[in-house]
Amino acid sequence: MTIVETTTALDTVIQPGDGTLLAVPSGGRLRIVDLHGNQAVDTLFYDASDVDNRYSAFDTIREQQAVFLTTGSRLLSSRLDELAVISDDTCGRHDTVGGACSQDSNVIRYGEFTRHQHACRQTFLRYGARAGIGQRQLTHNVNFFMNVPVSPDGDLSFEDGLSAPGRYVEITASRDLLVLISNCPQLNNPCNGWNPTPVQLLGWW
């Protein structure tokens, strides 16, 4: 019998408005900890060998027949490959339909005064560039800890989060992954409790 040991390969804090690009090997576990509660963490998943094989919110929702993500949710690519599984979750529900904030969407939603504000799309492009992730590789993302109720008519609303200090979500990679993270700087809706805060990333592989 072969015993495979895992070690703590990652322990870092990401400030609001900042992000990172992580290489997570198959079988590795990545935990995102909401240190202060009500923080939204925008996240994208890519096959490390082909960044065009990327997370698909549409296929993930259709295949699991559920709008929200939680323990047991399989994160699928547009080719229906399983990229990862949510293996542990103390929050209970995560959004994948609200999308990532951008300077343009901020202006449309909240007004011209927001145009100068930093947004998740900028963070994605900044950190994704070194892996060849550009605008055409950006797609609907997972918004961990974010609460976006969907009405029976399909309308979305941004509400106070369901998370709390110390709650976390853990993802187990089903193949070698690149994980692109933006710790959301959004100030204009309740997704961050009107006060963006740091999150902790822990990894074992």
# chains A, B, ... in the order shown; residues from 1 in each chain; ligands from 1

$ residues_around --residues "Gly161 (chain A)" --least-positions-apart "6" --cutoff "10 Å" --atoms "only C-alpha atoms" --output "list of chain:residue names"
A:Gly37, A:Asn38, A:Gln39, A:Ala40, A:Cys91, A:Arg93, A:His94, A:Phe144, A:Phe145, A:Met146, A:Asn147, A:Val148, A:Pro190, A:Cys191, A:Asn192, A:Gly193

$ select_by_dssp --residues "region 41-121 of chain A" --states "alpha helix (DSSP H)" --output "VMD selection string"
chain A and resid 57 to 64 103 to 110 120 to 121

$ write_last_selection --atoms "N, CA and C atoms" --output "short mmCIF file (atom, residue, chain, number, x, y, z; two decimals), in the first residue's frame"
data_model
loop_
_atom_site.label_atom_id
_atom_site.label_comp_id
_atom_site.auth_asym_id
_atom_site.auth_seq_id
_atom_site.Cartn_x
_atom_site.Cartn_y
_atom_site.Cartn_z
N ALA A 57 -20.27 28.06 -15.94
CA ALA A 57 -21.40 28.17 -15.03
C ALA A 57 -22.64 27.53 -15.65
N PHE A 58 -22.86 27.74 -16.94
CA PHE A 58 -24.04 27.21 -17.62
C PHE A 58 -24.08 25.68 -17.51
N ASP A 59 -22.97 25.03 -17.86
CA ASP A 59 -22.96 23.56 -17.84
C ASP A 59 -23.01 23.02 -16.42
N THR A 60 -22.36 23.71 -15.48
CA THR A 60 -22.40 23.28 -14.08
C THR A 60 -23.82 23.34 -13.54
N ILE A 61 -24.52 24.43 -13.80
CA ILE A 61 -25.90 24.58 -13.32
C ILE A 61 -26.81 23.54 -13.98
N ARG A 62 -26.67 23.38 -15.30
CA ARG A 62 -27.55 22.45 -16.02
C ARG A 62 -27.35 21.01 -15.55
N GLU A 63 -26.10 20.58 -15.42
CA GLU A 63 -25.83 19.19 -15.10
C GLU A 63 -26.22 18.82 -13.67
N GLN A 64 -26.09 19.79 -12.72
CA GLN A 64 -26.47 19.46 -11.34
C GLN A 64 -27.89 19.90 -11.02
N GLN A 103 -15.42 47.73 -14.47
CA GLN A 103 -15.64 49.17 -14.42
C GLN A 103 -16.87 49.57 -15.25
N ASP A 104 -17.07 48.89 -16.38
CA ASP A 104 -18.22 49.21 -17.22
C ASP A 104 -19.53 48.82 -16.53
N SER A 105 -19.57 47.61 -15.96
CA SER A 105 -20.82 47.20 -15.29
C SER A 105 -21.10 48.06 -14.06
N ASN A 106 -20.04 48.50 -13.37
CA ASN A 106 -20.25 49.39 -12.23
C ASN A 106 -20.94 50.69 -12.66
N VAL A 107 -20.50 51.24 -13.80
CA VAL A 107 -21.10 52.48 -14.29
C VAL A 107 -22.57 52.26 -14.63
N ILE A 108 -22.88 51.15 -15.29
CA ILE A 108 -24.27 50.86 -15.68
C ILE A 108 -25.15 50.68 -14.44
N ARG A 109 -24.63 49.97 -13.44
CA ARG A 109 -25.44 49.65 -12.27
C ARG A 109 -25.53 50.81 -11.28
N TYR A 110 -24.40 51.53 -11.10
CA TYR A 110 -24.33 52.45 -9.96
C TYR A 110 -24.07 53.90 -10.33
N CYS A 120 -13.10 43.45 -10.28
CA CYS A 120 -12.56 42.09 -10.36
C CYS A 120 -12.02 41.76 -11.75
N ARG A 121 -12.68 42.23 -12.78
CA ARG A 121 -12.22 41.90 -14.14
C ARG A 121 -10.79 42.38 -14.36
#

$ closest_atom_pairs --of "region 71-163 of chain A" --to "region 16-30 of chain A" --cutoff "12 Å" --atoms "only C-alpha atoms" --output "CSV"
residue,atom,partner,partner_atom,distance
A:Glu82,CA,A:Ser26,CA,11.2
A:Leu83,CA,A:Ser26,CA,9.1
A:Ala84,CA,A:Ser26,CA,8.8
A:Val85,CA,A:Arg29,CA,9.6
A:Ile86,CA,A:Arg29,CA,9.5
A:Ser87,CA,A:Arg29,CA,8.5
A:Asp88,CA,A:Arg29,CA,9.9
A:Asp89,CA,A:Leu30,CA,11.6
A:Cys101,CA,A:Gly17,CA,11.2
A:Ser102,CA,A:Gly17,CA,12.0
A:Gln117,CA,A:Gly17,CA,9.9
A:His118,CA,A:Gly17,CA,7.0
A:Ala119,CA,A:Gly17,CA,7.2
A:Cys120,CA,A:Gly17,CA,7.2
A:Arg121,CA,A:Gly17,CA,10.5
A:Gln122,CA,A:Gly17,CA,9.4
A:Thr123,CA,A:Gly19,CA,6.2
A:Phe124,CA,A:Gly19,CA,7.5
A:Leu125,CA,A:Gly19,CA,10.2
A:Arg126,CA,A:Gly19,CA,8.8
A:Tyr127,CA,A:Leu21,CA,5.9
A:Gly128,CA,A:Leu21,CA,6.5
A:Ala129,CA,A:Leu21,CA,9.6
A:Arg130,CA,A:Leu21,CA,8.9
A:Ala131,CA,A:Leu21,CA,8.6
A:Gly132,CA,A:Leu21,CA,11.5
A:Ile133,CA,A:Leu21,CA,10.3

$ atom_distance --atom1 "CA of Arg136 (chain A)" --atom2 "CA of Arg31 (chain A)"
27.3 Å

$ residues_around --residues "Gly99 (chain A)" --least-positions-apart "6" --cutoff "10 Å" --atoms "only C-alpha atoms" --output "ChimeraX atom specification"
/A:42-43,57,120-121,139-143

$ write_last_selection --atoms "all heavy atoms" --output "PDB file, in the first residue's frame"
ATOM      1  N   ASP A  42     -14.293  36.156  -6.022  1.00  0.00           N
ATOM      2  CA  ASP A  42     -14.572  35.779  -7.405  1.00  0.00           C
ATOM      3  C   ASP A  42     -13.480  34.831  -7.885  1.00  0.00           C
ATOM      4  O   ASP A  42     -12.280  35.146  -7.772  1.00  0.00           O
ATOM      5  CB  ASP A  42     -14.600  37.024  -8.283  1.00  0.00           C
ATOM      6  CG  ASP A  42     -15.773  37.945  -7.962  1.00  0.00           C
ATOM      7  OD1 ASP A  42     -16.107  38.066  -6.766  1.00  0.00           O
ATOM      8  OD2 ASP A  42     -16.324  38.543  -8.886  1.00  0.00           O
ATOM      9  N   THR A  43     -13.878  33.677  -8.438  1.00  0.00           N
ATOM     10  CA  THR A  43     -12.921  32.616  -8.732  1.00  0.00           C
ATOM     11  C   THR A  43     -13.233  31.961 -10.072  1.00  0.00           C
ATOM     12  O   THR A  43     -14.392  31.690 -10.391  1.00  0.00           O
ATOM     13  CB  THR A  43     -12.955  31.543  -7.624  1.00  0.00           C
ATOM     14  OG1 THR A  43     -12.810  32.183  -6.346  1.00  0.00           O
ATOM     15  CG2 THR A  43     -11.836  30.542  -7.796  1.00  0.00           C
ATOM     16  N   ALA A  57     -20.267  28.059 -15.944  1.00  0.00           N
ATOM     17  CA  ALA A  57     -21.404  28.172 -15.029  1.00  0.00           C
ATOM     18  C   ALA A  57     -22.644  27.530 -15.648  1.00  0.00           C
ATOM     19  O   ALA A  57     -23.406  26.827 -14.973  1.00  0.00           O
ATOM     20  CB  ALA A  57     -21.669  29.635 -14.695  1.00  0.00           C
ATOM     21  N   CYS A 120     -13.103  43.450 -10.278  1.00  0.00           N
ATOM     22  CA  CYS A 120     -12.560  42.091 -10.356  1.00  0.00           C
ATOM     23  C   CYS A 120     -12.022  41.757 -11.748  1.00  0.00           C
ATOM     24  O   CYS A 120     -11.039  41.028 -11.881  1.00  0.00           O
ATOM     25  CB  CYS A 120     -13.625  41.075  -9.969  1.00  0.00           C
ATOM     26  SG  CYS A 120     -13.953  41.012  -8.187  1.00  0.00           S
ATOM     27  N   ARG A 121     -12.681  42.231 -12.782  1.00  0.00           N
ATOM     28  CA  ARG A 121     -12.221  41.904 -14.135  1.00  0.00           C
ATOM     29  C   ARG A 121     -10.792  42.383 -14.357  1.00  0.00           C
ATOM     30  O   ARG A 121      -9.987  41.692 -14.996  1.00  0.00           O
ATOM     31  CB  ARG A 121     -13.162  42.514 -15.172  1.00  0.00           C
ATOM     32  CG  ARG A 121     -12.906  42.019 -16.578  1.00  0.00           C
ATOM     33  CD  ARG A 121     -13.969  42.524 -17.541  1.00  0.00           C
ATOM     34  NE  ARG A 121     -13.720  42.065 -18.894  1.00  0.00           N
ATOM     35  CZ  ARG A 121     -14.129  40.902 -19.385  1.00  0.00           C
ATOM     36  NH1 ARG A 121     -14.821  40.076 -18.621  1.00  0.00           N
ATOM     37  NH2 ARG A 121     -13.870  40.559 -20.641  1.00  0.00           N
ATOM     38  N   THR A 139     -14.910  34.183 -18.251  1.00  0.00           N
ATOM     39  CA  THR A 139     -16.275  33.707 -18.398  1.00  0.00           C
ATOM     40  C   THR A 139     -17.004  33.906 -17.076  1.00  0.00           C
ATOM     41  O   THR A 139     -16.440  34.483 -16.141  1.00  0.00           O
ATOM     42  CB  THR A 139     -16.265  32.218 -18.810  1.00  0.00           C
ATOM     43  OG1 THR A 139     -17.608  31.767 -18.992  1.00  0.00           O
ATOM     44  CG2 THR A 139     -15.596  31.358 -17.750  1.00  0.00           C
ATOM     45  N   HIS A 140     -18.245  33.459 -16.994  1.00  0.00           N
ATOM     46  CA  HIS A 140     -18.954  33.546 -15.714  1.00  0.00           C
ATOM     47  C   HIS A 140     -18.179  32.763 -14.660  1.00  0.00           C
ATOM     48  O   HIS A 140     -17.789  31.613 -14.887  1.00  0.00           O
ATOM     49  CB  HIS A 140     -20.375  32.984 -15.845  1.00  0.00           C
ATOM     50  CG  HIS A 140     -21.320  33.923 -16.526  1.00  0.00           C
ATOM     51  ND1 HIS A 140     -21.532  33.899 -17.883  1.00  0.00           N
ATOM     52  CD2 HIS A 140     -22.097  34.910 -16.028  1.00  0.00           C
ATOM     53  CE1 HIS A 140     -22.409  34.843 -18.194  1.00  0.00           C
ATOM     54  NE2 HIS A 140     -22.769  35.469 -17.100  1.00  0.00           N
ATOM     55  N   ASN A 141     -18.005  33.369 -13.535  1.00  0.00           N
ATOM     56  CA  ASN A 141     -17.161  32.811 -12.479  1.00  0.00           C
ATOM     57  C   ASN A 141     -18.003  32.316 -11.308  1.00  0.00           C
ATOM     58  O   ASN A 141     -19.216  32.489 -11.281  1.00  0.00           O
ATOM     59  CB  ASN A 141     -16.183  33.886 -11.985  1.00  0.00           C
ATOM     60  CG  ASN A 141     -16.907  35.150 -11.561  1.00  0.00           C
ATOM     61  OD1 ASN A 141     -17.381  35.917 -12.398  1.00  0.00           O
ATOM     62  ND2 ASN A 141     -17.018  35.352 -10.255  1.00  0.00           N
ATOM     63  N   VAL A 142     -17.324  31.710 -10.351  1.00  0.00           N
ATOM     64  CA  VAL A 142     -17.945  31.404  -9.059  1.00  0.00           C
ATOM     65  C   VAL A 142     -17.717  32.586  -8.133  1.00  0.00           C
ATOM     66  O   VAL A 142     -16.611  33.138  -8.084  1.00  0.00           O
ATOM     67  CB  VAL A 142     -17.343  30.127  -8.436  1.00  0.00           C
ATOM     68  CG1 VAL A 142     -17.992  29.839  -7.082  1.00  0.00           C
ATOM     69  CG2 VAL A 142     -17.511  28.936  -9.373  1.00  0.00           C
ATOM     70  N   ASN A 143     -18.758  32.996  -7.421  1.00  0.00           N
ATOM     71  CA  ASN A 143     -18.637  34.034  -6.399  1.00  0.00           C
ATOM     72  C   ASN A 143     -18.791  33.366  -5.028  1.00  0.00           C
ATOM     73  O   ASN A 143     -19.906  33.247  -4.510  1.00  0.00           O
ATOM     74  CB  ASN A 143     -19.712  35.107  -6.582  1.00  0.00           C
ATOM     75  CG  ASN A 143     -19.524  35.903  -7.858  1.00  0.00           C
ATOM     76  OD1 ASN A 143     -18.455  36.440  -8.114  1.00  0.00           O
ATOM     77  ND2 ASN A 143     -20.560  35.963  -8.678  1.00  0.00           N
TER      78      ASN A 143
END

$ select_by_dssp --residues "region 2-193 of chain A" --states "strand (DSSP E)" --output "JSON, numbers by chain"
{"A": [8, 9, 10, 11, 12, 13, 14, 19, 20, 21, 22, 23, 24, 29, 30, 31, 32, 33, 34, 41, 42, 43, 44, 45, 46, 47, 50, 51, 52, 53, 54, 74, 75, 76, 82, 83, 84, 85, 86, 87, 88, 89, 142, 143, 144, 167, 168, 169, 170, 171, 172, 173, 177, 178, 179, 180, 181, 182, 183]}

$ atom_distance --atom1 "CA of Val41 (chain A)" --atom2 "CA of Leu180 (chain A)"
10.3 Å

$ closest_residue --among "A:Trp204, A:Val51, A:Ala164, A:Leu10" --to "Gly134 (chain A)" --atoms "only C-alpha atoms"
A:Val51

$ atom_distance --atom1 "CA of Gln200 (chain A)" --atom2 "CA of Val33 (chain A)"
5.0 Å
